[in-house]
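K.L.:
My structure is stored as run.cif, with mmCIF, C-alpha atoms.
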```
data_run
#
loop_
_atom_site.label_atom_id
_atom_site.label_comp_id
_atom_site.auth_asym_id
_atom_site.auth_seq_id
_atom_site.Cartn_x
_atom_site.Cartn_y
_atom_site.Cartn_z
CA MET H 1 -149.46 -57.71 -53.84
CA ALA H 2 -150.67 -59.12 -57.15
CA SER H 3 -149.95 -62.77 -57.82
CA VAL H 4 -149.08 -64.31 -61.15
CA GLN H 5 -151.60 -66.93 -62.29
CA PHE H 6 -150.53 -69.82 -64.51
CA ARG H 7 -152.98 -71.76 -66.66
CA ARG H 8 -152.60 -75.43 -67.37
CA GLY H 9 -150.34 -75.86 -70.35
CA ASP H 10 -148.36 -72.69 -69.65
CA THR H 11 -144.60 -73.17 -69.73
CA VAL H 12 -142.09 -71.31 -67.63
CA GLN H 13 -139.12 -70.17 -69.65
CA PRO H 14 -135.76 -70.93 -67.98
CA ALA H 15 -133.67 -67.95 -66.99
CA ALA H 16 -131.12 -66.90 -69.57
CA PRO H 17 -127.57 -68.03 -68.69
CA LEU H 18 -125.25 -65.39 -67.29
CA SER H 19 -122.81 -63.84 -69.74
CA LYS H 20 -119.11 -64.59 -69.40
CA SER H 21 -118.41 -60.96 -68.46
CA VAL H 22 -120.88 -61.20 -65.57
CA ILE H 23 -119.41 -64.52 -64.38
CA PHE H 24 -115.83 -63.21 -64.46
CA GLY H 25 -116.81 -59.82 -63.00
CA THR H 26 -118.81 -61.16 -60.07
CA SER H 27 -116.08 -63.71 -59.35
CA GLY H 28 -113.48 -60.97 -59.10
CA LEU H 29 -115.69 -58.68 -57.00
CA GLY H 30 -116.55 -61.49 -54.60
CA GLY H 31 -112.89 -62.40 -54.33
CA VAL H 32 -111.87 -58.83 -53.48
CA LEU H 33 -114.60 -58.39 -50.84
CA GLY H 34 -113.72 -61.72 -49.26
CA TRP H 35 -110.02 -60.90 -49.29
CA ILE H 36 -110.54 -57.66 -47.34
CA CYS H 37 -111.91 -59.80 -44.51
CA VAL H 38 -109.20 -62.47 -44.54
CA HIS H 39 -106.16 -60.30 -45.34
CA PRO H 40 -105.09 -59.89 -41.67
CA PHE H 41 -105.00 -63.66 -41.29
CA ASN H 42 -102.98 -63.99 -44.49
CA THR H 43 -100.50 -61.41 -43.19
CA LEU H 44 -100.08 -63.40 -39.98
CA ALA H 45 -99.74 -66.65 -41.93
CA VAL H 46 -97.00 -65.22 -44.17
CA ARG H 47 -95.17 -63.63 -41.23
CA MET H 48 -95.27 -66.82 -39.15
CA ASN H 49 -94.28 -68.89 -42.16
CA LEU H 50 -91.25 -66.74 -42.94
CA SER H 51 -90.23 -65.86 -39.37
CA VAL H 52 -88.15 -69.03 -39.19
CA MET H 53 -85.90 -67.67 -41.94
CA SER H 54 -85.06 -64.50 -40.01
CA SER H 55 -84.93 -65.91 -36.47
CA GLY H 56 -82.10 -68.37 -36.87
CA GLY H 57 -84.46 -71.32 -37.14
CA ALA H 58 -86.38 -70.60 -33.94
CA PRO H 59 -90.05 -71.58 -34.19
CA PRO H 60 -92.64 -68.76 -34.20
CA ALA H 61 -94.71 -67.98 -31.14
CA PRO H 62 -98.24 -69.41 -30.92
CA PHE H 63 -100.80 -67.69 -33.15
CA ALA H 64 -102.42 -65.51 -30.46
CA SER H 65 -99.07 -64.37 -29.04
CA PHE H 66 -97.64 -63.75 -32.49
CA ALA H 67 -100.66 -61.62 -33.47
CA SER H 68 -100.56 -59.69 -30.21
CA ASP H 69 -96.85 -58.92 -30.57
CA LEU H 70 -97.33 -57.72 -34.16
CA ILE H 71 -100.15 -55.37 -33.16
CA LYS H 72 -98.08 -53.98 -30.28
CA ARG H 73 -95.15 -53.25 -32.60
CA GLU H 74 -96.96 -51.99 -35.69
CA GLY H 75 -100.56 -51.34 -34.65
CA VAL H 76 -103.63 -52.84 -36.27
CA ALA H 77 -102.52 -51.30 -39.57
CA GLY H 78 -99.66 -53.81 -39.62
CA LEU H 79 -102.21 -56.56 -40.23
CA TYR H 80 -103.21 -54.83 -43.44
CA ALA H 81 -99.73 -54.46 -44.92
CA GLY H 82 -99.97 -55.26 -48.62
CA LEU H 83 -103.76 -55.00 -48.75
CA GLY H 84 -103.62 -53.32 -52.17
CA ALA H 85 -101.55 -56.21 -53.51
CA GLY H 86 -103.97 -58.70 -51.98
CA CYS H 87 -106.99 -57.07 -53.62
CA LEU H 88 -105.23 -56.81 -56.98
CA ARG H 89 -104.20 -60.44 -56.67
CA GLN H 90 -107.85 -61.40 -56.20
CA VAL H 91 -108.82 -59.42 -59.30
CA PHE H 92 -106.62 -61.78 -61.30
CA TYR H 93 -106.82 -64.98 -59.22
CA ALA H 94 -110.50 -65.12 -58.22
CA THR H 95 -111.70 -63.80 -61.56
CA SER H 96 -109.64 -66.35 -63.48
CA ARG H 97 -110.25 -69.28 -61.15
CA TYR H 98 -114.03 -69.14 -60.97
CA GLY H 99 -114.50 -67.72 -64.45
CA LEU H 100 -112.32 -70.38 -66.09
CA PHE H 101 -113.99 -73.11 -64.05
CA GLU H 102 -117.40 -72.10 -65.38
CA THR H 103 -116.03 -71.80 -68.91
CA PHE H 104 -114.23 -75.17 -68.89
CA ARG H 105 -117.16 -76.94 -67.23
CA ASP H 106 -119.70 -75.61 -69.72
CA ALA H 107 -117.44 -76.44 -72.67
CA LEU H 108 -116.96 -80.03 -71.53
CA ALA H 109 -120.67 -80.40 -70.77
CA LYS H 110 -121.35 -80.20 -74.50
CA TYR H 111 -119.57 -83.50 -75.01
CA ARG H 112 -120.29 -85.51 -71.86
CA LYS H 113 -122.41 -85.44 -68.72
CA THR H 114 -120.87 -83.47 -65.86
CA ASP H 115 -119.67 -85.83 -63.14
CA PHE H 116 -117.32 -85.78 -60.16
CA ALA H 117 -114.19 -86.62 -62.15
CA GLN H 118 -114.91 -83.85 -64.65
CA ARG H 119 -115.54 -81.26 -61.95
CA PHE H 120 -112.38 -82.36 -60.09
CA ALA H 121 -110.20 -82.03 -63.20
CA THR H 122 -111.81 -78.77 -64.28
CA ALA H 123 -111.38 -77.17 -60.84
CA SER H 124 -107.74 -78.28 -60.69
CA VAL H 125 -106.85 -76.94 -64.14
CA ALA H 126 -108.73 -73.66 -63.57
CA GLY H 127 -106.92 -73.18 -60.25
CA GLY H 128 -103.52 -73.82 -61.80
CA CYS H 129 -104.17 -71.39 -64.66
CA ALA H 130 -105.39 -68.71 -62.24
CA ALA H 131 -102.28 -69.12 -60.07
CA LEU H 132 -99.96 -68.73 -63.05
CA ILE H 133 -101.82 -65.61 -64.21
CA SER H 134 -101.73 -63.98 -60.75
CA CYS H 135 -98.23 -65.07 -59.70
CA PRO H 136 -96.56 -61.65 -60.32
CA VAL H 137 -99.01 -59.98 -57.93
CA GLU H 138 -98.63 -62.88 -55.46
CA VAL H 139 -94.88 -62.18 -55.26
CA CYS H 140 -95.63 -58.51 -54.51
CA LEU H 141 -98.17 -59.56 -51.86
CA VAL H 142 -95.77 -61.87 -50.02
CA ARG H 143 -92.99 -59.29 -50.01
CA MET H 144 -95.18 -56.41 -48.88
CA SER H 145 -96.85 -58.50 -46.15
CA ASN H 146 -93.54 -59.51 -44.59
CA ASP H 147 -91.37 -56.47 -45.28
CA ALA H 148 -91.94 -54.72 -41.93
CA SER H 149 -90.67 -57.79 -40.04
CA GLN H 150 -87.20 -57.43 -41.54
CA PRO H 151 -84.28 -55.38 -40.14
CA GLU H 152 -84.35 -51.77 -41.34
CA ALA H 153 -81.43 -52.28 -43.72
CA ALA H 154 -82.99 -55.34 -45.32
CA ARG H 155 -86.43 -53.86 -46.00
CA ARG H 156 -87.53 -53.22 -49.55
CA ASN H 157 -89.95 -50.43 -48.51
CA TYR H 158 -92.34 -50.74 -51.44
CA LYS H 159 -94.74 -47.80 -51.53
CA SER H 160 -97.56 -49.68 -53.26
CA VAL H 161 -98.20 -52.78 -55.30
CA PHE H 162 -97.46 -50.80 -58.46
CA ASP H 163 -94.19 -49.53 -57.02
CA ALA H 164 -93.33 -53.10 -56.03
CA GLY H 165 -94.06 -54.34 -59.53
CA ALA H 166 -92.01 -51.61 -61.18
CA ARG H 167 -89.03 -52.10 -58.87
CA ILE H 168 -89.03 -55.88 -59.18
CA ALA H 169 -89.07 -55.55 -62.97
CA THR H 170 -86.20 -53.04 -63.08
CA GLU H 171 -84.06 -54.36 -60.21
CA GLU H 172 -84.49 -58.12 -60.60
CA GLY H 173 -85.99 -58.74 -64.01
CA ALA H 174 -89.27 -60.26 -65.12
CA ALA H 175 -88.24 -63.76 -64.00
CA ALA H 176 -88.48 -62.62 -60.36
CA PHE H 177 -92.26 -62.31 -60.77
CA TYR H 178 -92.44 -66.08 -61.11
CA ARG H 179 -90.34 -67.12 -58.13
CA GLY H 180 -92.53 -69.56 -56.32
CA SER H 181 -94.78 -70.13 -59.34
CA GLN H 182 -94.27 -73.91 -59.21
CA PRO H 183 -95.57 -74.44 -55.65
CA PHE H 184 -98.20 -71.73 -56.16
CA VAL H 185 -99.62 -73.52 -59.20
CA MET H 186 -99.42 -76.92 -57.48
CA ARG H 187 -101.14 -75.53 -54.39
CA ALA H 188 -103.90 -73.91 -56.45
CA MET H 189 -104.54 -77.16 -58.32
CA LEU H 190 -104.72 -79.06 -55.03
CA VAL H 191 -107.06 -76.42 -53.58
CA GLY H 192 -109.41 -76.64 -56.55
CA GLY H 193 -109.47 -80.42 -56.64
CA THR H 194 -109.64 -80.88 -52.87
CA GLN H 195 -112.50 -78.41 -52.50
CA VAL H 196 -114.56 -80.28 -55.08
CA ALA H 197 -113.69 -83.65 -53.52
CA THR H 198 -114.41 -82.72 -49.91
CA TYR H 199 -117.20 -80.12 -50.10
CA ASP H 200 -119.82 -82.52 -51.46
CA GLN H 201 -118.75 -85.21 -49.00
CA PHE H 202 -119.14 -82.83 -46.05
CA LYS H 203 -122.54 -81.68 -47.35
CA GLN H 204 -123.71 -85.28 -47.27
CA LEU H 205 -122.17 -85.87 -43.84
CA TYR H 206 -123.72 -82.80 -42.24
CA GLY H 207 -127.02 -83.61 -43.95
CA THR H 208 -127.13 -86.92 -42.09
CA LEU H 209 -126.50 -84.96 -38.87
CA GLY H 210 -129.56 -82.80 -39.47
CA LEU H 211 -127.95 -79.66 -40.91
CA SER H 212 -129.57 -78.15 -43.98
CA GLY H 213 -129.62 -74.93 -45.96
CA LEU H 214 -127.15 -72.19 -45.06
CA ALA H 215 -125.90 -74.00 -41.94
CA ASN H 216 -124.99 -77.03 -44.04
CA GLN H 217 -123.23 -74.93 -46.69
CA PHE H 218 -121.30 -72.91 -44.11
CA SER H 219 -120.17 -75.97 -42.16
CA SER H 220 -119.22 -77.82 -45.33
CA SER H 221 -117.24 -74.86 -46.66
CA MET H 222 -115.36 -74.40 -43.37
CA SER H 223 -114.56 -78.10 -43.13
CA ALA H 224 -113.41 -78.31 -46.75
CA GLY H 225 -111.25 -75.22 -46.19
CA LEU H 226 -109.61 -76.80 -43.16
CA ILE H 227 -108.80 -79.98 -45.08
CA TYR H 228 -107.29 -78.27 -48.10
CA SER H 229 -105.32 -75.85 -45.90
CA ILE H 230 -103.65 -78.77 -44.14
CA ILE H 231 -102.96 -80.63 -47.39
CA THR H 232 -101.53 -77.60 -49.22
CA MET H 233 -99.48 -76.07 -46.37
CA PRO H 234 -96.12 -77.49 -47.59
CA PHE H 235 -96.67 -75.82 -50.95
CA GLU H 236 -97.73 -72.57 -49.26
CA THR H 237 -94.48 -72.63 -47.27
CA ALA H 238 -92.44 -73.24 -50.42
CA LYS H 239 -94.26 -70.49 -52.31
CA ASN H 240 -93.68 -67.91 -49.58
CA ARG H 241 -89.98 -68.74 -49.19
CA MET H 242 -89.30 -68.70 -52.91
CA ALA H 243 -91.21 -65.43 -53.44
CA PHE H 244 -89.50 -63.60 -50.57
CA GLN H 245 -85.94 -64.91 -50.96
CA THR H 246 -82.94 -62.81 -51.87
CA PRO H 247 -79.69 -63.94 -53.53
CA ASP H 248 -76.81 -65.01 -51.29
CA PRO H 249 -74.44 -62.00 -50.94
CA ALA H 250 -71.35 -64.18 -51.41
CA THR H 251 -72.40 -66.39 -54.32
CA GLY H 252 -75.26 -64.41 -55.84
CA LYS H 253 -77.33 -67.61 -56.00
CA LEU H 254 -80.87 -68.02 -54.73
CA PRO H 255 -81.19 -70.48 -51.79
CA PHE H 256 -84.46 -71.98 -53.06
CA THR H 257 -84.64 -73.22 -56.64
CA GLY H 258 -87.55 -75.64 -56.82
CA THR H 259 -90.65 -76.84 -55.05
CA MET H 260 -89.36 -80.14 -53.69
CA GLN H 261 -85.96 -78.67 -52.83
CA THR H 262 -87.63 -75.89 -50.82
CA ILE H 263 -90.02 -78.27 -49.04
CA GLY H 264 -87.08 -80.57 -48.27
CA ALA H 265 -85.02 -77.70 -46.86
CA ALA H 266 -87.92 -76.58 -44.67
CA ALA H 267 -88.47 -80.15 -43.44
CA ARG H 268 -84.79 -80.67 -42.62
CA SER H 269 -84.75 -77.36 -40.75
CA SER H 270 -87.78 -78.40 -38.71
CA ILE H 271 -86.29 -81.81 -37.91
CA LYS H 272 -83.01 -80.25 -36.84
CA ARG H 273 -84.88 -77.74 -34.68
CA CYS H 274 -86.91 -80.48 -32.98
CA ALA H 275 -83.80 -82.59 -32.38
CA SER H 276 -81.81 -79.77 -30.78
#
```
Hey, can you dump this file as structure tokens for me?

P.N.:
Amino acid sequence: MASVQFRRGDTVQPAAPLSKSVIFGTSGLGGVLGWICVHPFNTLAVRMNLSVMSSGGAPPAPFASFASDLIKREGVAGLYAGLGAGCLRQVFYATSRYGLFETFRDALAKYRKTDFAQRFATASVAGGCAALISCPVEVCLVRMSNDASQPEAARRNYKSVFDAGARIATEEGAAAFYRGSQPFVMRAMLVGGTQVATYDQFKQLYGTLGLSGLANQFSSSMSAGLIYSIITMPFETAKNRMAFQTPDPATGKLPFTGTMQTIGAAARSSIKRCAS
């Protein structure tokens, strides 16, 4: 294989920066491919999160038992309920989140040196914007993932994410697409900021333990994911409950109206359950 010879004084031209269309496109494609792998876990998370609402306050079974029972009732296909909505959600969320992060970061870099505070703020704002953009599809995803767990009479029976979107718009109005938008945006901002804050710290930590290269990146990513999952879980709970809720038959009012009110209601329910 021929080798390229460089003479003294030769300069190597830096690679041309990627275009915005490539950045946004690869972000969305990577998000969709990743989502196909994690969708079953998201389905289980949504089901476990919302099972308390339909079981009279009883806590869900442990993860392994809950997953086993779901597969026995609905088959492995039950884990992929709402997959189309999940992939479409990633088209909007992942594309916007990573694409906007790159755009905001590069724009700010023209005026000041990129540092931790700038990356933290940029990741948080990009995550919040992406969540707001993708919230209508997120509502469809939550509903489709949990629909089969409901009694037959209470199921919405959406045929696809597009059917879900059309029915929500005609039956409930456009405002229904943004139920749970507050906790969803807050969660996405926390995810973006927390990832930036913890990922670099874990890379340094694992580096001192002798991990380098791909092993370091994988361990750091998994650890950062665990931390932000724990921190953002209250907002995930609020988002799921607000997105899936239905009006009270007697009053016509929605039970969950805001982020803190929903988190408070969930906390009081948990305390009451533990005390009984």

K.L.:
Here is a test: counting all atoms listed in the file, which residue of H:Ala107, H:Ala67, H:Ile230, H:Ala175 is nearest to Cys135 of chain H?

P.N.:
H:Ala175

K.L.:
Expressed in Å to a single decimal, how great is the separation between atom CA of Tyr178 of chain H and atom CA of Val139 of chain H?

P.N.:
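Spanning atom CA of Tyr178 of chain H to atom CA of Val139 of chain H is a straight-line distance of 7.4 Å.
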
K.L.:
Taking into account all atoms listed in the file, which residue in the set H:Arg89, H:Phe24, H:Met144, H:Gln150 is nearest to Thr103 of chain H?

P.N.:
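Closest to Thr103 of chain H, using all atoms listed in the file: H:Phe24.
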
K.L.:
Using all atoms listed in the file, find all polymer residues with an atom at most 7 Å away from the point (-106.6, -61.5, -50.4); report them as a list in words.

P.N.:
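Collected hits near the coordinates: Val32, Trp35, Ile36, Val38, His39, Gly86, Cys87, Arg89 and Gln90 of chain H.
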
K.L.:
Contacts of Ile23 of chain H at 9 Å or less, counting only C-alpha atoms, minus same-chain residues fewer than 3 places along, as a list in words?

P.N.:
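Contacts, with the query itself left out: Leu18, Ser19, Lys20, Thr26, Ser27, Gly28, Thr95, Tyr98, Gly99 and Glu102 of chain H.
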
K.L.:
Expanded to explicit residues, what is the PyMOL selection byres ((chain H and resi 187-202) around 6) for this file, as a list in words?

P.N.:
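Evaluating the PyMOL selection byres ((chain H and resi 187-202) around 6) on these coordinates yields Phe120, Ala123, Ser124, Gly127, Gly128, Pro183, Phe184, Val185, Met186, Lys203, Gln204, Leu205, Tyr206, Ser220, Ala224, Tyr228, Thr232 and Phe235 of chain H.
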
K.L.:
Taking C-alpha atoms for each residue, export the selection above as a PDB file, in the frame of the given file.

P.N.:
```pdb
ATOM      1  CA  PHE H 120    -112.380 -82.360 -60.090  1.00  0.00           C
ATOM      2  CA  ALA H 123    -111.380 -77.170 -60.840  1.00  0.00           C
ATOM      3  CA  SER H 124    -107.740 -78.280 -60.690  1.00  0.00           C
ATOM      4  CA  GLY H 127    -106.920 -73.180 -60.250  1.00  0.00           C
ATOM      5  CA  GLY H 128    -103.520 -73.820 -61.800  1.00  0.00           C
ATOM      6  CA  PRO H 183     -95.570 -74.440 -55.650  1.00  0.00           C
ATOM      7  CA  PHE H 184     -98.200 -71.730 -56.160  1.00  0.00           C
ATOM      8  CA  VAL H 185     -99.620 -73.520 -59.200  1.00  0.00           C
ATOM      9  CA  MET H 186     -99.420 -76.920 -57.480  1.00  0.00           C
ATOM     10  CA  LYS H 203    -122.540 -81.680 -47.350  1.00  0.00           C
ATOM     11  CA  GLN H 204    -123.710 -85.280 -47.270  1.00  0.00           C
ATOM     12  CA  LEU H 205    -122.170 -85.870 -43.840  1.00  0.00           C
ATOM     13  CA  TYR H 206    -123.720 -82.800 -42.240  1.00  0.00           C
ATOM     14  CA  SER H 220    -119.220 -77.820 -45.330  1.00  0.00           C
ATOM     15  CA  ALA H 224    -113.410 -78.310 -46.750  1.00  0.00           C
ATOM     16  CA  TYR H 228    -107.290 -78.270 -48.100  1.00  0.00           C
ATOM     17  CA  THR H 232    -101.530 -77.600 -49.220  1.00  0.00           C
ATOM     18  CA  PHE H 235     -96.670 -75.820 -50.950  1.00  0.00           C
TER      19      PHE H 235
END
```

K.L.:
Pick out the residues sitting within 8 Å of Ile133 of chain H, and hand them over as a list in words; count all atoms listed in the file, and ignore anything fewer than 3 positions along from it in its own chain.

P.N.:
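The residues that qualify are Phe92, Tyr93, Ser96, Cys129, Ala130 and Pro136 of chain H.
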